[in-house]
Amino acid sequence: MSTAMNTAPDLTGTTTRRSRRKNLAPLAGRILVLLVALFLTLGPVVWTVWVAFTPTDEAGRRTLSFAAFSDAFSKVNMLRLFWNSILVTALCAVGQMFTAALAGYAFARLRFRGRNALFAVILATMMVPMQVTIVPVFMLIRGMGLSDTLLALILPAIPTAFGTFLMRQYFLGIPDSLAEAAQIDGATPWQVFWKVYLPLSTPGLAIVGILAFNAIWNEFFRPLIMTISSENFTLPLGLVSLQGQLGTGSMSTVLAGVVLSMIPALVVFVFGQRPLREGLTAGSVK
């Protein structure tokens, strides 16, 4: 009897250790997956920063210095490129937020004939790649006399099908009673939109603005087609000249320009992370 009682704790301890091993296996798998994702995500960024800050000298050795950054500023007009990118990106983001709010409100709250069919057509444009429409857009821009200008990059990017869809969903989630109360108080349809619905849709507007900034800031294809002169180049297009003739430029200089172009995007991410997170989760909580 005493022998059986002495072996019972051993059996309990063995069961506990087995259960711990079973719990550790899934945890180790998740940690491994996260480490692989972390390496694939941050690995190229860390390598870019490292090469940019450690250019090779005449002896082929890497030394920590800012020579690559000064070389980038000497080869291209970096301030002009930054100004063009900031101007184009800011105006496109603000324009997309404004037009998406107006169109989303119209499709969500206004009643007019053909509303659903027109909205379906707008959604269908999301499936058409930019390479298909770039030629007619270029012909329209040239017909307006705006070719090789910053307006050629701004005007076609202001309408947004995804922003219209997103803002429509946000406006549909706002109770109708708010609009009815405002109308009883004598508010016009514009006042209902501007003073009632628009302030409540701030999370959705934040998503539209942040996504527009990220897309326009890194855009290369449209500036390549729409602009010719170097004074109208945006940052992604201007950084190509750092490669030199036939790609003979310094890799550290090219990556120094890339690091500089990452700074505004990081600033927007830091300050826009909270509104973006709130906007993504606002629709799931009532």
# chains A, B, ... in the order shown; residues from 1 in each chain; ligands from 1

$ residues_around --residues "A:Glu231" --least-positions-apart "2" --cutoff "10 Å" --atoms "only C-alpha atoms" --output "PyMOL selection string"
chain A and resi 77+80-81+84+148-150+227-229+233-234+238

$ residues_around --residues "stretch 51-56 of chain A" --least-positions-apart "5" --cutoff "8 Å" --atoms "only C-alpha atoms" --output "count of residues only"
16

$ residues_around --residues "A:Ala106" --least-positions-apart "4" --cutoff "9 Å" --atoms "only C-alpha atoms" --output "number ranges by chain"
A: 101-102, 110-111, 115, 168

$ closest_residue --among "A:Val267, A:Leu242, A:Leu27, A:Ala181" --to "A:Val76" --atoms "only C-alpha atoms"
A:Leu242

$ residues_around --residues "A:Phe162" --least-positions-apart "2" --cutoff "12 Å" --atoms "only C-alpha atoms" --output "ChimeraX atom specification"
/A:96-97,99-101,103-104,119-120,122-127,158-160,164-169,204-205,207-209,211-212

$ write_last_selection --atoms "C-alpha atoms" --output "PDB file, in the first residue's frame"
ATOM      1  CA  GLN A  96      -8.652  61.055 -52.282  1.00  0.00           C
ATOM      2  CA  MET A  97      -9.956  61.620 -48.763  1.00  0.00           C
ATOM      3  CA  THR A  99     -13.616  62.677 -53.050  1.00  0.00           C
ATOM      4  CA  ALA A 100     -13.980  59.337 -51.236  1.00  0.00           C
ATOM      5  CA  ALA A 101     -15.988  61.004 -48.463  1.00  0.00           C
ATOM      6  CA  ALA A 103     -18.813  59.715 -53.146  1.00  0.00           C
ATOM      7  CA  GLY A 104     -19.166  57.330 -50.214  1.00  0.00           C
ATOM      8  CA  PHE A 119     -21.458  51.746 -57.682  1.00  0.00           C
ATOM      9  CA  ALA A 120     -20.895  48.344 -59.315  1.00  0.00           C
ATOM     10  CA  ILE A 122     -16.875  51.923 -59.819  1.00  0.00           C
ATOM     11  CA  LEU A 123     -15.985  48.695 -58.042  1.00  0.00           C
ATOM     12  CA  ALA A 124     -15.282  47.035 -61.393  1.00  0.00           C
ATOM     13  CA  THR A 125     -12.578  49.627 -62.117  1.00  0.00           C
ATOM     14  CA  MET A 126     -10.563  48.189 -59.226  1.00  0.00           C
ATOM     15  CA  MET A 127      -9.949  45.082 -61.328  1.00  0.00           C
ATOM     16  CA  ILE A 158      -7.520  61.898 -56.940  1.00  0.00           C
ATOM     17  CA  PRO A 159     -10.502  59.609 -57.738  1.00  0.00           C
ATOM     18  CA  THR A 160     -10.304  56.360 -55.782  1.00  0.00           C
ATOM     19  CA  THR A 164     -15.290  55.230 -52.219  1.00  0.00           C
ATOM     20  CA  PHE A 165     -16.119  51.662 -51.237  1.00  0.00           C
ATOM     21  CA  LEU A 166     -14.508  52.052 -47.799  1.00  0.00           C
ATOM     22  CA  MET A 167     -16.240  55.320 -46.962  1.00  0.00           C
ATOM     23  CA  ARG A 168     -19.581  53.993 -48.180  1.00  0.00           C
ATOM     24  CA  GLN A 169     -19.278  51.123 -45.691  1.00  0.00           C
ATOM     25  CA  GLY A 204     -12.164  55.664 -42.386  1.00  0.00           C
ATOM     26  CA  LEU A 205     -10.623  58.882 -43.683  1.00  0.00           C
ATOM     27  CA  ILE A 207      -7.222  54.677 -43.617  1.00  0.00           C
ATOM     28  CA  VAL A 208      -7.823  56.280 -47.018  1.00  0.00           C
ATOM     29  CA  GLY A 209      -5.178  58.948 -46.380  1.00  0.00           C
ATOM     30  CA  LEU A 211      -2.984  54.055 -47.865  1.00  0.00           C
ATOM     31  CA  ALA A 212      -2.963  56.833 -50.458  1.00  0.00           C
TER      32      ALA A 212
END

$ closest_residue --among "A:Phe213, A:Ile225, A:Met262, A:Gly257" --to "A:Ile86" --atoms "only C-alpha atoms"
A:Phe213

$ decode --residues "stretch 25-58 of chain A" --atoms "N, CA, C and O atoms" --output "CSV table (one decimal), in the first residue's frame"
chain,number,residue,atom,x,y,z
A,25,ALA,N,5.4,22.4,-27.8
A,25,ALA,CA,5.6,22.2,-29.3
A,25,ALA,C,4.9,23.2,-30.1
A,25,ALA,O,5.5,23.8,-31.0
A,26,PRO,N,3.6,23.5,-29.9
A,26,PRO,CA,2.9,24.6,-30.7
A,26,PRO,C,3.6,25.9,-30.5
A,26,PRO,O,3.7,26.7,-31.4
A,27,LEU,N,4.0,26.2,-29.2
A,27,LEU,CA,4.6,27.5,-28.9
A,27,LEU,C,5.9,27.6,-29.7
A,27,LEU,O,6.2,28.7,-30.3
A,28,ALA,N,6.7,26.6,-29.7
A,28,ALA,CA,8.0,26.6,-30.5
A,28,ALA,C,7.7,26.8,-32.0
A,28,ALA,O,8.5,27.5,-32.6
A,29,GLY,N,6.7,26.2,-32.5
A,29,GLY,CA,6.3,26.4,-33.9
A,29,GLY,C,5.9,27.8,-34.2
A,29,GLY,O,6.4,28.3,-35.2
A,30,ARG,N,5.1,28.4,-33.3
A,30,ARG,CA,4.8,29.8,-33.5
A,30,ARG,C,5.9,30.7,-33.5
A,30,ARG,O,6.1,31.7,-34.3
A,31,ILE,N,6.8,30.5,-32.5
A,31,ILE,CA,8.0,31.3,-32.4
A,31,ILE,C,8.9,31.2,-33.6
A,31,ILE,O,9.4,32.2,-34.2
A,32,LEU,N,9.0,30.0,-34.2
A,32,LEU,CA,9.8,29.8,-35.4
A,32,LEU,C,9.2,30.5,-36.6
A,32,LEU,O,10.0,31.1,-37.3
A,33,VAL,N,7.9,30.4,-36.7
A,33,VAL,CA,7.3,31.1,-37.8
A,33,VAL,C,7.4,32.6,-37.7
A,33,VAL,O,7.7,33.3,-38.7
A,34,LEU,N,7.3,33.2,-36.5
A,34,LEU,CA,7.5,34.6,-36.2
A,34,LEU,C,8.9,35.0,-36.5
A,34,LEU,O,9.2,36.1,-37.1
A,35,LEU,N,9.9,34.2,-36.1
A,35,LEU,CA,11.3,34.5,-36.4
A,35,LEU,C,11.6,34.6,-37.9
A,35,LEU,O,12.3,35.4,-38.4
A,36,VAL,N,11.0,33.6,-38.6
A,36,VAL,CA,11.2,33.6,-40.1
A,36,VAL,C,10.5,34.8,-40.7
A,36,VAL,O,11.1,35.5,-41.6
A,37,ALA,N,9.3,35.2,-40.3
A,37,ALA,CA,8.6,36.4,-40.8
A,37,ALA,C,9.4,37.6,-40.4
A,37,ALA,O,9.5,38.6,-41.3
A,38,LEU,N,10.0,37.7,-39.2
A,38,LEU,CA,10.8,38.8,-38.8
A,38,LEU,C,12.0,39.0,-39.7
A,38,LEU,O,12.4,40.1,-40.1
A,39,PHE,N,12.7,37.9,-40.0
A,39,PHE,CA,13.9,37.9,-40.8
A,39,PHE,C,13.5,38.4,-42.3
A,39,PHE,O,14.2,39.2,-42.8
A,40,LEU,N,12.4,37.8,-42.8
A,40,LEU,CA,12.1,38.2,-44.2
A,40,LEU,C,11.6,39.6,-44.3
A,40,LEU,O,11.8,40.3,-45.3
A,41,THR,N,11.0,40.2,-43.2
A,41,THR,CA,10.5,41.5,-43.2
A,41,THR,C,11.6,42.6,-42.9
A,41,THR,O,11.8,43.6,-43.7
A,42,LEU,N,12.4,42.4,-41.8
A,42,LEU,CA,13.4,43.3,-41.4
A,42,LEU,C,14.7,43.1,-42.0
A,42,LEU,O,15.6,44.0,-42.0
A,43,GLY,N,15.0,41.9,-42.5
A,43,GLY,CA,16.3,41.6,-43.1
A,43,GLY,C,16.7,42.5,-44.2
A,43,GLY,O,17.8,43.1,-44.1
A,44,PRO,N,15.9,42.7,-45.2
A,44,PRO,CA,16.3,43.7,-46.3
A,44,PRO,C,16.5,45.1,-45.8
A,44,PRO,O,17.3,45.8,-46.3
A,45,VAL,N,15.6,45.5,-44.8
A,45,VAL,CA,15.7,46.9,-44.3
A,45,VAL,C,17.1,47.1,-43.5
A,45,VAL,O,17.8,48.1,-43.7
A,46,VAL,N,17.4,46.1,-42.7
A,46,VAL,CA,18.6,46.2,-41.9
A,46,VAL,C,19.8,46.2,-42.9
A,46,VAL,O,20.8,46.9,-42.7
A,47,TRP,N,19.8,45.3,-43.9
A,47,TRP,CA,20.9,45.3,-44.9
A,47,TRP,C,21.0,46.6,-45.6
A,47,TRP,O,22.1,47.1,-45.9
A,48,THR,N,19.9,47.2,-46.0
A,48,THR,CA,19.9,48.5,-46.7
A,48,THR,C,20.6,49.6,-45.8
A,48,THR,O,21.4,50.3,-46.3
A,49,VAL,N,20.2,49.7,-44.6
A,49,VAL,CA,20.7,50.7,-43.7
A,49,VAL,C,22.2,50.4,-43.5
A,49,VAL,O,23.0,51.4,-43.4
A,50,TRP,N,22.6,49.2,-43.3
A,50,TRP,CA,24.0,48.8,-43.0
A,50,TRP,C,24.9,49.2,-44.2
A,50,TRP,O,25.9,49.8,-44.0
A,51,VAL,N,24.5,48.9,-45.4
A,51,VAL,CA,25.3,49.2,-46.6
A,51,VAL,C,25.3,50.7,-46.8
A,51,VAL,O,26.3,51.2,-47.3
A,52,ALA,N,24.2,51.4,-46.5
A,52,ALA,CA,24.2,52.9,-46.7
A,52,ALA,C,25.1,53.6,-45.8
A,52,ALA,O,25.8,54.6,-46.2
A,53,PHE,N,25.3,53.1,-44.6
A,53,PHE,CA,26.1,53.7,-43.6
A,53,PHE,C,27.6,53.2,-43.6
A,53,PHE,O,28.4,53.7,-42.8
A,54,THR,N,27.8,52.2,-44.4
A,54,THR,CA,29.2,51.6,-44.4
A,54,THR,C,29.7,51.5,-45.9
A,54,THR,O,29.8,50.4,-46.4
A,55,PRO,N,29.9,52.6,-46.5
A,55,PRO,CA,30.4,52.5,-47.9
A,55,PRO,C,31.9,52.0,-48.0
A,55,PRO,O,32.6,52.0,-47.0
A,56,THR,N,32.2,51.4,-49.1
A,56,THR,CA,33.6,50.8,-49.2
A,56,THR,C,34.5,51.9,-49.6
A,56,THR,O,34.2,52.8,-50.4
A,57,ASP,N,35.8,51.9,-49.1
A,57,ASP,CA,36.8,52.8,-49.4
A,57,ASP,C,37.6,52.3,-50.6
A,57,ASP,O,37.3,51.3,-51.2
A,58,GLU,N,38.7,53.0,-50.9
A,58,GLU,CA,39.6,52.6,-52.0
A,58,GLU,C,40.2,51.2,-51.8
A,58,GLU,O,40.5,50.5,-52.8
